[in-house]
2 protein chains.
Amino acid sequence: MARAETYNRDTALDAALAIFWRKGYHATSLKDLEAALSMKPGSIYAAFKSKEALFKDSLARYFDQGRAKFEEQLATSPMIIDALAAHLQSFAAQERRADPAQACMIVKTILENAEAEPHLADYARDLFDKTRAGFQHAFKTAQAQGEIDAQHDAEALAKAYQAHVTTLRLDNQIGTNPEDSRKLAERMVAELKAL
Amino acid sequence: MARAETYNRDTALDAALAIFWRKGYHATSLKDLEAALSMKPGSIYAAFKSKEALFKDSLARYFDQGRAKFEEQLATSPMIIDALAAHLQSFAAQERRADPAQACMIVKTILENAEAEPHLADYARDLFDKTRAGFQHAFKTAQAQGEIDAQHDAEALAKAYQAHVTTLRLDNQIGTNPEDSRKLAERMVAELKAL
DNA sequence: CAGTAATTTGAGCAATCACTCAAATGTGAG
DNA sequence: CTCACATTTGAGTGATTGCTCAAATTACTG
């Protein structure tokens with residue numbers, strides 16, 4: 001064997017994720033990444049192939065972390081509907097304002113790169129669909145367990161739920177009043193529990 | 001006097017607006033702008049000062065056009081509630097898909113530039129607030145005319161309405177099924193008319 | 001038909017971009 | 001201790017970035 005890697009792949013990806021989420025794809029330079037990953041350009045390219053590939057890996061990690069968080073919430077709560085409510089609530093505005101990493105990174109990626117980097121946008125769209133599929137599965141299970149009327153269309157429920165999550169996270173970033181976000185979340189939860 | 005300008009300012013701004021809306025601020029290069037405006041770099045800088053100033057002017061024009069369209073819809077319909085409904089419907093998915101200029105340019109600007117170009121994001125946030133103020137004024141007038149129960153909080157109504165518009169336009173760009181967007185718009189209109 | 005002044009032109013600037021690669025460095029095996 | 005080899009290093013690549021400015025062009029005035 002030979003020299004061992006000095007970096008930790010997951011740690012490096014988390015650092016890349018943090019910048020890409022905040023600054024977006026185009027505004028993030030390799031200088032930024034070198035500083036954040038504490039790696040020289042040669043190492044970055046040996047490890048991740050290209051800026052675009054690194055972005056994709058970061059976005060994939062973002063998706064995995066989001067899914068893991070959601071599944072943990074599902075595992076915690078006996079009622080699926082409660083987990084869905086808790087997941088929504090978790091996106092209500094915290095104290096810390098002015099954090100540019102509030103809106104969903106997947107949505108940000110689609111909007112920023114639809115024209116200039118269609119590969120990235122398509123990749124993000126795929127993750128957006130996979131996220132909704134996870135929601136849909138949860139709604140179906142909730143129906144099977146009798147928590148929600150089986151009459152409802154699970155696909156439509158999932159689409160509406162995802163729209164709510166997106167709206168809430170968008171409002172966190174755009175709006176200036178945290179109180180508004182909390183009220184918004186409460187209204188959404190009420191709508192959910194009324195099903 | 002001396003030599004007359006060969007370009008039309010509004011035409012040039014519309015051309016700049018079209019690219020900026022599609023590609024965003026960072027992905028749009030001056031080469032792109034030169035081609036779209038049919039102007040050489042020197043002329044662009046003489047006329048618009050800088051890339052950032054040109055972007056701001058374009059965004060301001062985008063805002064003005066949006067406001068004009070909304071006010072025209074208000075003037076067309078005798079009932080304000082109908083105008084608000086028509087305005088929502090106008091954002092439901094058209095045939096032409098894959099147009100990267102579906103989502104609101106103001107929202108796109110805030111998301112893209114929150115970290116790297118805070119001036120632009122703040123400017124866009126201000127226009128976002130002004131847009132909501134226009135909605136709020138419409139709701140208040142509707143209440144004064146007895147179209148809507150005066151009990152409702154006009155500010156909350158405007159916020160919810162703006163969120164609906166944003167969601168609809170976002171879905172147009174992210175989603176792949178135009179039918180979904182139309183259904184979404186119908187549900188929003190129903191909610192509006194139930195007030 | 002000068003003379004004057006505003007506008008347009010486009011080659012080219014320094015800075016930065018994403019990226020490369022030969023040399024230096026570290027590490028386990030023999 | 002030496003060799004083989006994976007990994008790290010960082011100066012440097014050509015391309016592109018936003019932008020400048022002296023010179024050319026145009027048009028109104030006297």
# chains A, B, ... in the order shown; residues from 1 in each chain; ligands from 1

$ closest_atom_pairs --of "chain C" --to "chain B" --cutoff "7 Å" --atoms "only C-alpha atoms (C1' of nucleotides)" --output "tab-separated table"
residue	atom	partner	partner_atom	distance
C:DA5	C1'	B:Ala2	CA	5.4
C:DA6	C1'	B:Ala2	CA	4.9
C:DT7	C1'	B:Arg3	CA	5.8
C:DT8	C1'	B:Ser43	CA	6.4

$ write_last_selection --atoms "C-alpha atoms (C1' of nucleotides)" --output "mmCIF file, in the first residue's frame"
data_model
loop_
_atom_site.group_PDB
_atom_site.id
_atom_site.type_symbol
_atom_site.label_atom_id
_atom_site.label_comp_id
_atom_site.auth_asym_id
_atom_site.auth_seq_id
_atom_site.Cartn_x
_atom_site.Cartn_y
_atom_site.Cartn_z
ATOM 1 C "C1'" DA C 5 -19.930 67.620 -28.623
ATOM 2 C "C1'" DA C 6 -22.365 63.396 -27.518
ATOM 3 C "C1'" DT C 7 -22.265 58.549 -28.693
ATOM 4 C "C1'" DT C 8 -20.241 54.217 -30.432
#

$ residues_around --residues "segment 57-73 of chain B" --least-positions-apart "4" --cutoff "7 Å" --atoms "only C-alpha atoms (C1' of nucleotides)" --output "ChimeraX atom specification"
/B:13,16-17,53,77,83,87,127

$ interface_residues --of "chain A" --to "chain B" --cutoff "9 Å" --atoms "only C-alpha atoms" --output "ChimeraX atom specification"
/A:22-24,26-28,98-101,103,107-108,110-116,125,128-129,156,160,163-164,166-167,170-171,173-175,180,184

$ residues_around --residues "segment 137-144 of chain B" --least-positions-apart "6" --cutoff "7 Å" --atoms "only C-alpha atoms (C1' of nucleotides)" --output "PDB file with C-alpha atoms, in the first residue's frame"
ATOM      1  CA  ILE B  80     -61.966  42.795  -7.315  1.00  0.00           C
ATOM      2  CA  ILE B  81     -62.218  39.189  -6.209  1.00  0.00           C
ATOM      3  CA  ALA B 150     -64.335  42.885   6.764  1.00  0.00           C
ATOM      4  CA  ALA B 154     -56.097  42.121   4.906  1.00  0.00           C
TER       5      ALA B 154
END

$ closest_atom_pairs --of "chain D" --to "chain B" --cutoff "10 Å" --atoms "only C-alpha atoms (C1' of nucleotides)" --output "CSV"
residue,atom,partner,partner_atom,distance
D:DT16,C1',B:Ser29,CA,9.4
D:DT17,C1',B:Ser29,CA,7.7
D:DG18,C1',B:Leu30,CA,7.1
D:DC19,C1',B:Pro41,CA,7.9
D:DT20,C1',B:Gly42,CA,7.9
D:DC21,C1',B:Gly42,CA,8.8
D:DT25,C1',B:Arg3,CA,8.8
D:DT26,C1',B:Arg3,CA,5.2
D:DA27,C1',B:Arg3,CA,4.7
D:DC28,C1',B:Met1,CA,5.0
D:DT29,C1',B:Met1,CA,7.5

$ atom_distance --atom1 "atom C1' of DG26 of chain C" --atom2 "atom CA of Leu37 of chain A"
20.1 Å

$ atom_distance --atom1 "atom CA of Gly134 of chain A" --atom2 "atom CA of Val189 of chain A"
18.3 Å

$ select_by_dssp --residues "segment 3-194 of chain A" --states "alpha helix (DSSP H)" --output "PyMOL selection string"
chain A and resi 9-23+30-37+41-48+51-76+80-89+105-113+118-144+154-174+178-193

$ closest_residue --among "C:DT25, C:DT20, C:DC1, C:DA14" --to "DA6 of chain D" --atoms "only C-alpha atoms (C1' of nucleotides)"
C:DT25

$ atom_distance --atom1 "atom CA of Ala190 of chain B" --atom2 "atom CA of Tyr161 of chain B"
12.4 Å
